[in-house]
Structure formats: C-alpha cells, structure tokens
>>> print(open('data.txt').read())   # compact mmCIF, C-alpha atoms
# COMPACT_ATOMS: atom_id res chain seq x y z
CA MET A 103 0.00 0.00 0.00
CA LEU A 104 2.87 2.37 0.78
CA ARG A 105 4.37 1.74 -2.67
CA PHE A 106 1.08 2.69 -4.31
CA LYS A 107 0.93 5.96 -2.30
CA ILE A 108 4.49 6.84 -3.32
CA LEU A 109 3.77 5.99 -6.95
CA ALA A 110 0.54 8.02 -6.85
CA SER A 111 2.39 11.06 -5.52
CA VAL A 112 5.37 10.81 -7.93
CA VAL A 113 3.43 10.37 -11.19
CA PRO A 114 1.84 13.86 -11.17
CA LEU A 115 5.23 15.42 -10.38
CA LEU A 116 6.86 13.59 -13.28
CA ALA A 117 4.07 14.64 -15.62
CA ALA A 118 4.45 18.27 -14.55
CA ALA A 119 8.23 18.11 -15.04
CA VAL A 120 7.87 16.65 -18.54
CA PHE A 121 5.29 19.31 -19.47
CA ALA A 122 7.42 22.16 -18.10
CA ARG A 123 10.55 20.90 -19.86
CA ALA A 124 8.74 20.60 -23.18
CA GLU A 125 7.26 24.10 -22.76
CA ILE A 126 10.54 25.80 -21.79
CA GLY A 127 12.69 24.03 -24.38
CA SER A 128 10.32 24.68 -27.24
CA VAL A 129 11.18 27.39 -29.78
CA SER A 130 7.68 27.37 -31.22
CA HIS A 131 6.86 30.58 -29.34
CA PRO A 132 7.45 33.92 -31.02
CA CYS A 133 11.06 34.91 -30.52
CA ILE A 134 13.53 37.60 -31.60
CA ALA A 135 17.30 37.80 -31.28
CA LEU A 136 18.95 40.93 -29.89
CA GLY A 137 22.70 40.59 -30.25
CA ASP A 138 23.71 37.56 -28.17
CA THR A 139 20.39 37.44 -26.31
CA SER A 140 17.10 35.88 -27.38
CA VAL A 141 13.76 37.30 -26.29
CA GLU A 142 10.94 34.75 -26.35
CA LEU A 143 7.29 34.70 -25.36
CA THR A 144 6.41 32.05 -22.82
CA SER A 145 3.10 30.77 -21.55
CA LEU A 146 4.71 29.76 -18.25
CA PHE A 147 3.99 32.89 -16.21
CA TRP A 148 6.38 32.09 -13.36
CA THR A 149 9.42 31.72 -15.66
CA ALA A 150 9.05 35.14 -17.31
CA ASN A 151 11.51 37.96 -16.65
CA VAL A 152 8.99 40.58 -17.77
CA HIS A 153 5.19 40.48 -17.65
CA VAL A 154 3.59 42.69 -20.31
CA ALA A 155 -0.06 43.65 -19.94
CA PHE A 156 -2.35 45.31 -22.49
CA THR A 157 -5.03 47.93 -22.00
CA ASP A 158 -7.75 49.55 -24.11
CA ASP A 159 -7.43 52.77 -22.09
CA PRO A 160 -4.55 54.99 -23.28
CA ALA A 161 -4.52 56.77 -19.91
CA ARG A 162 -3.53 53.53 -18.13
CA ALA A 163 -0.73 52.69 -20.57
CA THR A 164 2.94 53.06 -19.73
CA VAL A 165 3.98 52.30 -23.34
CA ARG A 166 2.13 53.12 -26.55
CA VAL A 167 2.65 50.93 -29.60
CA GLN A 168 1.31 51.97 -32.98
CA ILE A 169 0.55 49.44 -35.70
CA THR A 170 1.62 50.84 -39.04
CA ASP A 171 0.98 49.72 -42.61
CA ASP A 172 4.32 51.10 -43.79
CA ALA A 173 7.38 48.97 -42.99
CA ASP A 174 9.70 51.93 -43.63
CA ALA A 175 7.95 53.99 -40.94
CA ALA A 176 8.20 51.21 -38.32
CA ASP A 177 10.72 50.98 -35.49
CA PHE A 178 10.25 47.20 -35.44
CA THR A 179 9.26 45.06 -38.41
CA VAL A 180 8.19 41.41 -38.34
CA VAL A 181 8.00 39.70 -41.72
CA ASP A 182 8.62 35.98 -41.36
CA ASP A 183 6.67 34.40 -44.19
CA GLY A 184 9.37 34.87 -46.82
CA LEU A 185 12.47 32.89 -47.74
CA GLY A 186 14.96 34.93 -45.71
CA SER A 187 14.22 33.64 -42.21
CA GLU A 188 17.02 32.95 -39.73
CA PRO A 189 16.21 29.57 -38.12
CA ASP A 190 19.13 29.59 -35.67
CA SER A 191 18.65 33.13 -34.37
CA CYS A 192 16.50 32.13 -31.36
CA GLN A 193 18.28 29.24 -29.73
CA ALA A 194 17.30 28.74 -26.08
CA SER A 195 20.16 29.55 -23.70
CA PRO A 196 20.63 30.83 -20.17
CA ALA A 197 20.71 34.35 -21.66
CA THR A 198 17.20 33.94 -23.14
CA ARG A 199 14.87 36.58 -21.77
CA LEU A 200 11.35 35.24 -21.29
CA ILE A 201 8.33 37.52 -21.71
CA SER A 202 4.75 36.68 -20.75
CA ILE A 203 1.53 38.41 -21.66
CA ALA A 204 -0.38 39.05 -18.44
CA ALA A 205 -4.11 39.60 -18.12
CA GLN A 206 -3.51 42.39 -15.57
CA PRO A 207 -0.48 44.61 -14.82
CA VAL A 208 2.10 42.84 -12.66
CA ASP A 209 4.40 44.62 -10.17
CA GLY A 210 4.92 47.80 -12.15
CA GLY A 211 5.48 45.93 -15.40
CA PRO A 212 4.77 47.63 -18.73
CA VAL A 213 1.17 48.22 -19.76
CA VAL A 214 0.80 48.54 -23.53
CA TYR A 215 -1.79 50.50 -25.45
CA LEU A 216 -1.85 49.01 -28.96
CA SER A 217 -3.53 51.07 -31.67
CA SER A 218 -3.24 52.20 -35.26
CA ASP A 219 -3.18 55.87 -34.22
CA GLY A 220 -0.29 57.92 -32.81
CA PRO A 221 1.42 59.20 -30.78
CA ALA A 222 3.51 56.15 -29.95
CA ASP A 223 6.70 55.08 -28.22
CA TYR A 224 7.16 52.31 -30.80
CA ARG A 225 5.79 51.78 -34.28
CA ILE A 226 5.53 48.18 -35.50
CA TYR A 227 4.81 46.58 -38.83
CA VAL A 228 3.72 42.93 -38.68
CA ARG A 229 3.17 40.60 -41.63
CA SER A 230 3.54 37.14 -40.23
CA LYS A 231 2.07 33.67 -40.17
CA THR A 232 3.39 33.01 -36.66
CA PHE A 233 3.39 36.40 -34.86
CA SER A 234 0.28 38.35 -33.96
CA GLN A 235 0.48 42.13 -33.62
CA ARG A 236 -0.03 41.73 -29.90
CA GLU A 237 2.83 39.23 -29.61
CA ALA A 238 5.15 41.48 -31.61
CA ALA A 239 4.26 44.41 -29.35
CA ALA A 240 4.90 42.31 -26.23
CA LEU A 241 8.30 41.23 -27.56
CA ILE A 242 9.50 44.72 -28.42
CA VAL A 243 8.29 46.21 -25.14
CA GLY A 244 9.47 43.24 -23.07
CA ALA A 245 12.87 43.22 -24.73
CA ARG A 246 13.62 46.59 -23.16
CA GLY A 247 11.58 46.10 -19.99
CA GLY A 248 9.13 48.77 -21.09
CA HIS A 249 11.80 51.31 -22.01
CA ARG A 250 12.12 53.09 -25.30
CA GLN A 251 14.87 52.81 -27.95
CA LEU A 252 15.33 49.21 -29.12
CA GLN A 253 18.38 48.43 -31.23
CA ALA A 254 18.45 45.99 -34.16
CA ALA A 255 16.68 42.65 -33.74
CA SER A 256 16.22 39.64 -35.96
CA LEU A 257 13.80 36.73 -36.13
>>> encode(input="data.txt", output="structure tokens")
Amino acid sequence: MLRFKILASVVPLLAAAVFARAEIGSVSHPCIALGDTSVELTSLFWTANVHVAFTDDPARATVRVQITDDADAADFTVVDDGLGSEPDSCQASPATRLISIAAQPVDGGPVVYLSSDGPADYRIYVRSKTFSQREAAALIVGARGGHRQLQAASL
C-alpha cells in the first residue's frame, strides 16, 4: 500500500516536469534575437523575466505601440513568411529573456496600449504567419523592460 501511495504522488510530479521541460525548451513561441540574447514569449507565467499587460485605455498605458501599414515607418518590423528567415537566431540559452503576456499589470510591469493611431513610443509593422500584432508588441516592449529605444533585432 505504501508503494502505491508513493507511486501516486510521484506520477503527477513527473508529468508536470515533462510538461514544463517541453514548454521551456520549445522554440515554437514567437522569438527575436537581440545581439547575443534571445527574447521569447512564454506561456509559463512564473518563468518570465517581464510580464507585459495590455489595455484599451490609453490613460492607463505606460507604453504606446502603434501598428503601421508602412514597414519603412516602423521601429520594429516582423516579416517571417518569406524565404529569408534565420532559423538559428532564437536558440534557447541561459541568456534567453522570457516575456509573458499578463491579463492584468504585474508589479509595475509595462502596460501597452496598442492602436493604429499615434502618438507612440514604438511603431511596429507585422506581416507574419506566426506572430500576432499583440505578440510582436509584447516582444519589443518586453525586450527593453518597457523602455524606449530598441536596437536591431532579428527573427
């Protein structure tokens, strides 16, 4: 009977460990490379370095991101459905910065107002099969912790 109790308590822990390992090691989440660091969205809230929230109220926002239809006018452009993708640019490493999208603001984390109108701290252009506009905005804001002025990034 004791063996059954031990087995019953270990199986859920093993299942959770396998799930967490598969989730963390996966590169199927939207990701960008900034120099030697990768910035990746994660669905595991507790592993994230930065929690980005979104709002529909511009007065509550700490960062404003404008969606633009002109790639030349954008500060950050995501176009990943062409032939020129960089498959090795987002390898998981200890330097990978994990970003999560939170339902509510977390501990003074950035709150993004995403719109097609200005003014904006960042302007993004997104044409992607794998990135949503919201995910691209979370990556650019999370990459700098909610601060302005992002340098070059690649997919």
>>> closest_residue(input="data.txt", among="A:Ser140, A:Gln168, A:Thr157, A:Thr179", to="A:Ser230", atoms="all atoms listed in the file")
A:Thr179
>>> closest_residue(input="data.txt", among="A:Val141, A:Val154, A:Pro207, A:Ala163", to="A:Arg236", atoms="only C-alpha atoms")
A:Val154
>>> closest_residue(input="data.txt", among="A:His131, A:Asn151, A:Tyr224, A:Thr232", to="A:Phe178", atoms="only C-alpha atoms")
A:Tyr224
>>> closest_residue(input="data.txt", among="A:Ala238, A:Val214, A:Leu200, A:Ala161", to="A:Phe147", atoms="only C-alpha atoms")
A:Leu200
>>> closest_residue(input="data.txt", among="A:Val167, A:Ala175, A:Leu143, A:Ala135", to="A:Pro221", atoms="only C-alpha atoms")
A:Val167
>>> atom_distance(input="data.txt", atom1="atom CA of A:Gly244", atom2="atom CA of A:Asp219")
21.1 Å
>>> residues_around(input="data.txt", residues="A:Thr144", least_positions_apart="3", cutoff="9 Å", atoms="all atoms listed in the file", output="PyMOL selection string")
chain A and resi 125-126+131-132+147+149-150+200-203
>>> closest_residue(input="data.txt", among="A:Thr139, A:Phe156, A:Ile134, A:Phe233", to="A:Thr198", atoms="all atoms listed in the file")
A:Thr139
>>> atom_distance(input="data.txt", atom1="atom CA of A:Gly210", atom2="atom CA of A:Gly137")
26.4 Å
>>> atom_distance(input="data.txt", atom1="atom CA of A:Ala155", atom2="atom CA of A:Ile226")
17.1 Å
>>> residues_near_point(input="data.txt", point="(9.1, 46.5, -10.0)", cutoff="12 Å", atoms="only C-alpha atoms", output="PyMOL selection string")
chain A and resi 151-153+207-212+247-248
